[in-house]
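Chemist: Provided herewith: entry-v6.txt, compact mmCIF, C-alpha atoms.
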# COMPACT_ATOMS: atom_id res chain seq x y z
CA MET A 3 13.98 82.49 129.19
CA HIS A 4 13.15 79.45 131.28
CA GLU A 5 11.76 81.53 134.14
CA LEU A 6 8.24 80.22 133.48
CA SER A 7 9.30 76.62 134.10
CA ILE A 8 11.18 77.76 137.21
CA ALA A 9 8.05 79.59 138.47
CA GLU A 10 5.96 76.46 137.86
CA GLU A 11 8.45 74.29 139.76
CA ILE A 12 8.38 76.70 142.71
CA ILE A 13 4.58 76.60 142.83
CA SER A 14 4.50 72.81 142.56
CA ILE A 15 7.00 72.38 145.43
CA VAL A 16 5.21 74.93 147.64
CA ARG A 17 1.84 73.21 147.11
CA ARG A 18 3.24 70.00 148.58
CA TYR A 19 3.68 71.79 151.91
CA LEU A 20 0.18 73.23 152.07
CA THR A 21 -3.09 71.87 153.40
CA THR A 22 -6.58 72.87 152.34
CA GLU A 23 -6.80 74.86 155.58
CA ASN A 24 -3.76 77.05 154.99
CA ASN A 25 -3.26 77.08 151.23
CA SER A 26 -4.78 80.53 150.76
CA ASN A 27 -2.80 82.04 153.64
CA VAL A 28 0.67 82.02 152.07
CA LYS A 29 2.17 85.44 152.69
CA THR A 30 5.73 85.02 151.41
CA ILE A 31 7.78 82.45 149.54
CA ARG A 32 11.51 82.97 150.11
CA ILE A 33 13.94 81.70 147.50
CA LYS A 34 17.70 81.95 146.93
CA ILE A 35 19.03 82.80 143.48
CA GLY A 36 22.73 82.50 142.78
CA LYS A 37 24.27 84.94 140.31
CA LEU A 38 25.37 81.99 138.16
CA SER A 39 21.89 80.52 137.87
CA ASN A 40 20.98 82.51 134.74
CA ILE A 41 17.69 83.70 136.22
CA LEU A 42 16.34 87.15 135.46
CA PRO A 43 14.55 88.19 138.70
CA GLU A 44 12.07 90.56 137.00
CA SER A 45 11.10 87.86 134.56
CA LEU A 46 10.75 85.21 137.28
CA LEU A 47 8.53 87.55 139.30
CA PHE A 48 6.37 88.26 136.25
CA CYS A 49 6.01 84.53 135.49
CA PHE A 50 5.29 83.71 139.13
CA ASN A 51 2.58 86.37 139.45
CA ALA A 52 1.01 85.31 136.16
CA SER A 53 1.03 81.64 137.20
CA VAL A 54 -0.61 82.16 140.60
CA GLU A 55 -3.29 84.51 139.30
CA GLY A 56 -6.74 83.12 140.10
CA THR A 57 -5.30 80.35 142.30
CA GLU A 58 -5.18 80.05 146.08
CA LEU A 59 -1.61 81.38 145.95
CA GLU A 60 -2.61 84.70 144.38
CA GLY A 61 -1.21 87.54 146.47
CA ALA A 62 1.69 85.51 147.87
CA LYS A 63 4.92 87.46 147.67
CA LEU A 64 7.98 85.93 146.04
CA GLU A 65 11.00 87.16 147.97
CA MET A 66 14.31 86.62 146.21
CA LYS A 67 17.67 86.66 147.92
CA TYR A 68 20.63 87.05 145.57
CA ILE A 69 23.69 85.00 146.34
CA PRO A 70 27.00 86.41 145.05
CA VAL A 71 29.65 84.24 143.44
CA THR A 72 32.31 83.32 145.99
CA ILE A 73 35.35 81.23 145.20
CA SER A 74 37.95 79.42 147.23
CA CYS A 75 41.53 79.09 146.02
CA ALA A 76 43.12 75.64 146.18
CA GLU A 77 46.63 77.11 146.13
CA CYS A 78 46.64 80.01 148.62
CA GLY A 79 43.50 79.03 150.51
CA GLU A 80 41.86 82.47 150.31
CA ASN A 81 38.11 82.90 149.80
CA SER A 82 37.01 85.81 147.61
CA ASN A 83 34.09 87.28 145.74
CA SER A 84 34.02 86.93 141.97
CA GLU A 85 31.67 89.72 140.94
CA ASP A 86 32.95 89.91 137.37
CA TYR A 87 32.72 86.17 136.77
CA ILE A 88 36.48 85.90 136.68
CA PHE A 89 37.22 82.42 137.88
CA ALA A 90 40.73 83.04 139.13
CA CYS A 91 41.94 83.84 142.63
CA PRO A 92 42.25 87.67 142.98
CA VAL A 93 44.90 87.15 145.67
CA CYS A 94 47.42 84.85 143.96
CA GLY A 95 46.04 84.61 140.41
CA SER A 96 45.66 80.81 140.45
CA SER A 97 42.88 79.33 138.35
CA LYS A 98 42.65 76.30 140.65
CA ILE A 99 39.51 77.53 142.33
CA LYS A 100 36.33 76.02 143.67
CA VAL A 101 33.01 77.85 143.46
CA LEU A 102 31.56 78.06 146.97
CA SER A 103 28.34 79.90 146.17
CA GLY A 104 26.50 81.44 143.26
CA ASP A 105 24.87 78.31 141.77
CA GLU A 106 21.87 78.35 144.12
CA LEU A 107 18.34 77.97 142.89
CA GLN A 108 16.54 76.97 146.04
CA ILE A 109 13.30 77.43 147.96
CA GLN A 110 14.13 78.33 151.53
CA GLU A 111 10.82 78.72 153.36
CA ILE A 112 7.26 79.90 153.20
CA GLU A 113 5.59 82.23 155.63
CA ILE A 114 1.94 81.60 156.44
CA ASN A 115 -0.62 83.86 158.09
CA ASN A 116 -2.48 81.82 160.69
CA MET B 5 2.24 83.72 161.51
CA SER B 6 4.22 80.55 160.98
CA ILE B 7 7.21 79.56 158.90
CA ILE B 8 7.52 76.31 156.99
CA THR B 9 11.13 75.48 156.20
CA ILE B 10 11.58 73.89 152.78
CA GLU B 11 15.25 74.20 151.71
CA ARG B 12 14.89 72.28 148.47
CA LYS B 13 16.41 72.79 145.06
CA ILE B 14 13.87 74.26 142.68
CA LEU B 15 15.02 71.92 139.91
CA GLU B 16 15.21 68.85 142.16
CA LYS B 17 12.66 66.95 140.04
CA ASN B 18 14.79 67.42 136.91
CA ASP B 19 17.98 66.51 138.80
CA LEU B 20 16.36 63.31 140.08
CA ILE B 21 15.27 62.19 136.60
CA ALA B 22 18.71 63.14 135.22
CA GLU B 23 20.33 60.84 137.79
CA GLU B 24 17.99 58.01 136.73
CA ASN B 25 18.97 58.63 133.10
CA ARG B 26 22.66 58.63 134.02
CA LYS B 27 22.27 55.34 135.88
CA LYS B 28 20.50 53.77 132.92
CA PHE B 29 23.15 54.98 130.42
CA LYS B 30 25.88 53.63 132.68
CA GLU B 31 24.20 50.23 133.02
CA LYS B 32 23.93 50.00 129.26
CA ASN B 33 27.52 51.21 128.86
CA ILE B 34 26.47 54.22 126.78
CA PHE B 35 28.71 57.29 126.60
CA THR B 36 26.42 60.32 126.38
CA LEU B 37 27.23 63.80 125.09
CA ASN B 38 24.93 66.81 125.48
CA LEU B 39 25.70 69.25 122.65
CA VAL B 40 24.88 72.85 123.57
CA SER B 41 25.36 76.09 121.65
CA SER B 42 23.56 79.11 120.29
CA PRO B 43 21.44 78.50 117.14
CA GLY B 44 23.48 78.12 113.97
CA SER B 45 26.88 77.35 115.47
CA GLY B 46 27.01 74.02 113.67
CA LYS B 47 25.82 71.36 116.12
CA THR B 48 23.99 69.33 113.50
CA SER B 49 26.80 69.73 110.94
CA LEU B 50 29.31 68.53 113.52
CA ILE B 51 27.14 65.46 114.19
CA GLU B 52 26.90 64.79 110.42
CA LYS B 53 30.66 65.09 109.91
CA SER B 54 31.33 62.91 112.95
CA LEU B 55 28.92 60.25 111.67
CA GLU B 56 30.77 60.18 108.34
CA ILE B 57 33.90 59.12 110.20
CA ILE B 58 32.87 57.08 113.24
CA ASN B 59 29.52 55.61 112.23
CA LYS B 60 31.20 52.41 111.05
CA GLU B 61 33.17 51.70 114.20
CA ILE B 62 30.79 52.97 116.91
CA LYS B 63 27.09 52.27 117.38
CA ILE B 64 25.57 55.73 117.62
CA SER B 65 22.08 56.99 118.45
CA VAL B 66 20.98 60.61 118.33
CA ILE B 67 18.31 62.59 120.18
CA GLU B 68 17.52 65.88 118.48
CA GLY B 69 15.95 68.78 120.36
CA ASP B 70 14.36 71.70 118.55
CA VAL B 71 11.68 74.27 119.22
CA GLN B 72 9.97 73.28 115.98
CA THR B 73 10.35 70.92 112.99
CA GLY B 74 11.94 67.53 112.47
CA LEU B 75 14.48 68.89 109.98
CA ASP B 76 17.52 67.94 112.05
CA ALA B 77 16.31 64.38 112.59
CA GLU B 78 15.87 64.10 108.81
CA ARG B 79 19.43 65.31 108.21
CA VAL B 80 20.98 62.97 110.76
CA GLY B 81 18.68 60.07 109.82
CA LYS B 82 20.24 60.00 106.34
CA TYR B 83 23.33 58.46 107.94
CA GLY B 84 21.31 55.41 108.94
CA VAL B 85 21.52 55.95 112.68
CA PRO B 86 18.53 55.76 115.05
CA VAL B 87 17.25 59.30 115.65
CA VAL B 88 14.49 60.58 117.91
CA GLN B 89 13.29 64.13 117.45
CA ILE B 90 12.01 66.07 120.45
CA VAL B 91 9.96 69.14 119.49
CA THR B 92 9.73 71.37 122.56
CA ASN B 93 6.99 73.63 121.12
CA GLY B 94 8.55 76.81 122.40
CA ALA B 95 10.54 75.61 125.39
CA CYS B 96 14.08 76.93 125.23
CA HIS B 97 15.90 73.86 126.57
CA LEU B 98 15.66 70.09 126.92
CA GLU B 99 14.72 68.62 130.29
CA ALA B 100 15.72 65.24 131.71
CA ALA B 101 12.15 63.89 131.45
CA LEU B 102 12.03 64.66 127.70
CA VAL B 103 15.29 62.76 127.20
CA ARG B 104 14.03 59.84 129.33
CA ASP B 105 10.87 59.58 127.21
CA ALA B 106 12.74 59.97 123.90
CA PHE B 107 15.28 57.33 124.90
CA ARG B 108 12.51 54.73 125.35
CA ALA B 109 12.13 54.61 121.56
CA ILE B 110 15.75 53.50 121.10
CA GLU B 111 16.37 51.72 124.37
CA ALA B 112 16.18 48.25 122.84
CA LEU B 113 18.88 49.07 120.30
CA ASP B 114 22.56 48.57 120.94
CA THR B 115 24.08 52.02 121.50
CA GLN B 116 27.63 52.89 122.50
CA LEU B 117 27.43 56.63 121.95
CA LEU B 118 24.31 58.73 122.53
CA ILE B 119 24.50 62.24 121.15
CA ILE B 120 21.86 64.64 122.48
CA GLU B 121 21.59 67.82 120.45
CA ASN B 122 20.06 70.42 122.74
CA VAL B 123 17.89 73.36 121.67
CA GLY B 124 20.05 76.17 120.26
CA ASN B 125 20.42 78.51 123.23
CA LEU B 126 23.55 79.51 125.13
CA VAL B 127 21.68 80.31 128.36
CA CYS B 128 18.89 77.99 129.53
CA PRO B 129 20.28 74.49 128.76
CA ALA B 130 23.13 75.21 131.22
CA GLY B 131 20.76 74.78 134.16
CA TYR B 132 19.28 71.43 133.14
CA ASP B 133 21.18 68.21 133.72
CA LEU B 134 20.00 65.55 131.28
CA GLY B 135 22.03 62.67 132.68
CA GLU B 136 24.86 63.06 130.17
CA ASN B 137 28.51 62.22 130.78
CA MET B 138 29.62 65.59 129.46
CA LYS B 139 28.30 68.82 128.03
CA VAL B 140 30.05 69.89 124.84
CA VAL B 141 29.70 73.59 124.07
CA ILE B 142 30.11 74.53 120.43
CA LEU B 143 30.94 78.11 119.47
CA SER B 144 31.48 79.25 115.91
CA VAL B 145 34.14 81.88 115.25
CA ALA B 146 31.50 84.11 113.63
CA GLU B 147 29.91 84.57 117.06
CA GLY B 148 32.98 86.38 118.40
CA ASP B 149 35.73 85.56 120.89
CA ASP B 150 34.03 87.34 123.82
CA LYS B 151 31.11 84.91 124.14
CA PRO B 152 32.59 82.74 126.94
CA LEU B 153 32.75 85.88 129.10
CA LYS B 154 29.19 86.86 128.23
CA TYR B 155 27.70 83.40 128.84
CA PRO B 156 29.91 82.06 131.64
CA ALA B 157 27.44 79.53 133.10
CA MET B 158 27.45 77.39 129.96
CA PHE B 159 31.24 77.38 129.65
CA ARG B 160 31.61 76.52 133.30
CA LYS B 161 29.25 73.54 133.06
CA ALA B 162 30.82 72.17 129.87
CA SER B 163 33.75 69.74 129.77
CA VAL B 164 34.58 70.29 126.11
CA LEU B 165 34.64 73.34 123.83
CA VAL B 166 34.50 72.94 120.07
CA ILE B 167 35.51 76.12 118.24
CA ASN B 168 33.71 75.60 114.94
CA LYS B 169 33.70 77.19 111.45
CA ILE B 170 37.43 77.96 111.66
CA ASP B 171 37.45 78.16 107.84
CA LEU B 172 35.69 81.53 108.32
CA LEU B 173 38.56 83.03 110.33
CA PRO B 174 39.90 85.16 107.44
CA TYR B 175 36.49 86.86 107.15
CA VAL B 176 35.47 87.45 110.76
CA ASN B 177 36.81 89.52 113.61
CA CYS B 178 37.63 86.69 115.98
CA SER B 179 40.84 85.46 117.52
CA PRO B 180 40.63 81.74 118.32
CA GLU B 181 43.48 82.21 120.82
CA ALA B 182 41.53 84.94 122.68
CA LEU B 183 38.40 82.80 122.51
CA ALA B 184 40.24 79.84 124.06
CA GLU B 185 41.85 82.08 126.67
CA ASN B 186 38.48 83.59 127.63
CA ALA B 187 36.91 80.15 127.88
CA LEU B 188 39.78 78.82 130.01
CA SER B 189 39.50 81.81 132.36
CA ILE B 190 35.96 80.63 133.12
CA ASN B 191 36.80 76.92 133.14
CA PRO B 192 40.49 75.90 133.12
CA GLU B 193 39.54 72.22 132.73
CA LEU B 194 37.94 72.67 129.29
CA LYS B 195 39.23 70.42 126.54
CA ILE B 196 39.31 72.42 123.32
CA PHE B 197 38.94 71.35 119.67
CA LYS B 198 39.07 73.59 116.60
CA THR B 199 36.97 72.35 113.70
CA SER B 200 35.48 73.21 110.36
CA CYS B 201 32.63 71.15 108.98
CA THR B 202 33.30 72.66 105.53
CA SER B 203 37.03 71.97 105.19
CA THR B 204 36.76 69.08 107.75
CA GLU B 205 39.84 70.42 109.53
CA GLY B 206 39.98 69.16 113.12
CA ILE B 207 37.09 66.71 112.68
CA LYS B 208 39.36 63.65 112.87
CA GLU B 209 40.90 64.82 116.16
CA TRP B 210 37.42 65.40 117.59
CA CYS B 211 36.28 61.94 116.44
CA ARG B 212 39.41 60.31 117.84
CA TRP B 213 38.61 61.87 121.21
CA ILE B 214 35.02 60.57 121.06
CA ALA B 215 36.28 57.07 120.19
CA SER B 216 38.72 57.18 123.11
CA ASN B 217 35.76 57.54 125.47
CA ILE B 218 33.95 54.45 124.18
CA ASN B 219 34.60 51.22 126.08
Take the structure from the file and write it as structure tokens.
Modeler:
Amino acid sequence: MHELSIAEEIISIVRRYLTTENNSNVKTIRIKIGKLSNILPESLLFCFNASVEGTELEGAKLEMKYIPVTISCAECGENSNSEDYIFACPVCGSSKIKVLSGDELQIQEIEINN
Amino acid sequence: MSIITIERKILEKNDLIAEENRKKFKEKNIFTLNLVSSPGSGKTSLIEKSLEIINKEIKISVIEGDVQTGLDAERVGKYGVPVVQIVTNGACHLEAALVRDAFRAIEALDTQLLIIENVGNLVCPAGYDLGENMKVVILSVAEGDDKPLKYPAMFRKASVLVINKIDLLPYVNCSPEALAENALSINPELKIFKTSCTSTEGIKEWCRWIASNIN
């Protein structure tokens, strides 16, 4: 349950990109959440909305894009999805794999109404 | 309508401070372990048993993280090592800045091994780098052999797994072999120890490994 600190970090980063002229015009904040990042989207949304209430960011929409876990096999070279968190290559069974995506916890962009 | 591209890690501030911590520990030649587990798996007991064995040969400092109370610092302090207690007042994990501030209190002392005992929680501490050399995940057999599969992030981030309370094996439905196999399916690089802080089985092997990491 560290979604509140994550929400606060998002708000603090976004504020650095705003000016007094446009800070109340933020329409959407787009973030990427990897499936391995241990973030509960509903909880993050709740914490975000509670944190922006009464501030210039109230009403801004938090748009979350989920990133699946993909792995790359060092032995057979195949890339695959790892939906069940099984960290072995589904093609050849090797456990010598590298996680390509799924760890993300990133702010992508903000959309502003001019 | 306009778009401002940001493309920044949400936890970049924590990662930055963690890197500063790591640099400082390296400069001072301190080997740092971040102990993570669910509450009650035996982190503090493992520290106590380790201190009984290696306190004489290695200069150890401890940072204790808890949601409330200084009970753990009191327990560990009895072994005569420098201890700093962080009380997070509700926060479910330690952050790099808390460790940086706590370390200031013991910075002047000569430390070879810094043990950071994280808040008992198998989820949140996985996302927060503290600047440690390694995360050590501790799992007691009473918690069940399926836990690595249920909490994969923590087992993937850890370098070491300590399977603790093995003296309870006759009384609990847990196969240490299945537990190890599950953990290795998430992270094949995990180094695994089996310990009991009651019978002290496996503690020497664990301590020998710690000592082998001290320059």
Chemist: Rounded to one decimal, what separation in Å do you get between atom CA of Val71 of chain A and atom CA of Ile14 of chain B?
Modeler: 18.7 Å
Chemist: Please, what distance in Å, to one decimal, runs between atom CA of Leu107 of chain A and atom CA of Ser82 of chain A?
Modeler: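 That distance, rounded to one decimal, is 20.8 Å.
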Chemist: So that I can see what lies close to Leu194 of chain B, please list as an MDAnalysis selection string the residues with an atom at most 6 Å from it, counting all atoms listed in the file and leaving out residues fewer than 3 positions away in the same chain.
Modeler: chainID B and resid 163:164 191
Chemist: Name all residues at most 9 Å from segment 83-97 of chain A (count all atoms listed in the file; drop same-chain ones fewer than 4 positions away) and give them as a ChimeraX atom specification.
Modeler: /A:37-38,70-78,101 /B:153,156,188-192
Chemist: With a cut-off of 10 Å and counting all atoms listed in the file, select all residues of chain B in contact with chain A and give the selection as a count of residues only.
Modeler: 37
Chemist: Identify, on the basis of only C-alpha atoms, every residue whose closest approach to Leu117 of chain B does not exceed 8 Å; exclude the query and any residue fewer than 6 positions from it along the same chain; express the result as a list of chain:residue names.
Modeler: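 The neighbour list is B:Ile34, B:Phe35, B:Thr36, B:Leu37, B:Ile62, B:Lys63, B:Ile64, B:Ser65, B:Ile218.
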Chemist: From the options B:Ser203, B:Ala106, B:Pro174, B:Ser42, which residue's atoms come nearest to Pro152 of chain B, counting only C-alpha atoms?
Modeler: B:Ser42
Chemist: Neighbouring residues of Ser200 of chain B were defined as those with any atom within 8 Å, considering all atoms listed in the file; residues of the same chain fewer than 3 positions away were excluded. Please report them as a list in words.
Modeler: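 Final neighbour list, sorted by chain and number: Asn168, Lys169, Ile170, Asp171, Ser203, Thr204, Glu205, Gly206 and Ile207 of chain B.
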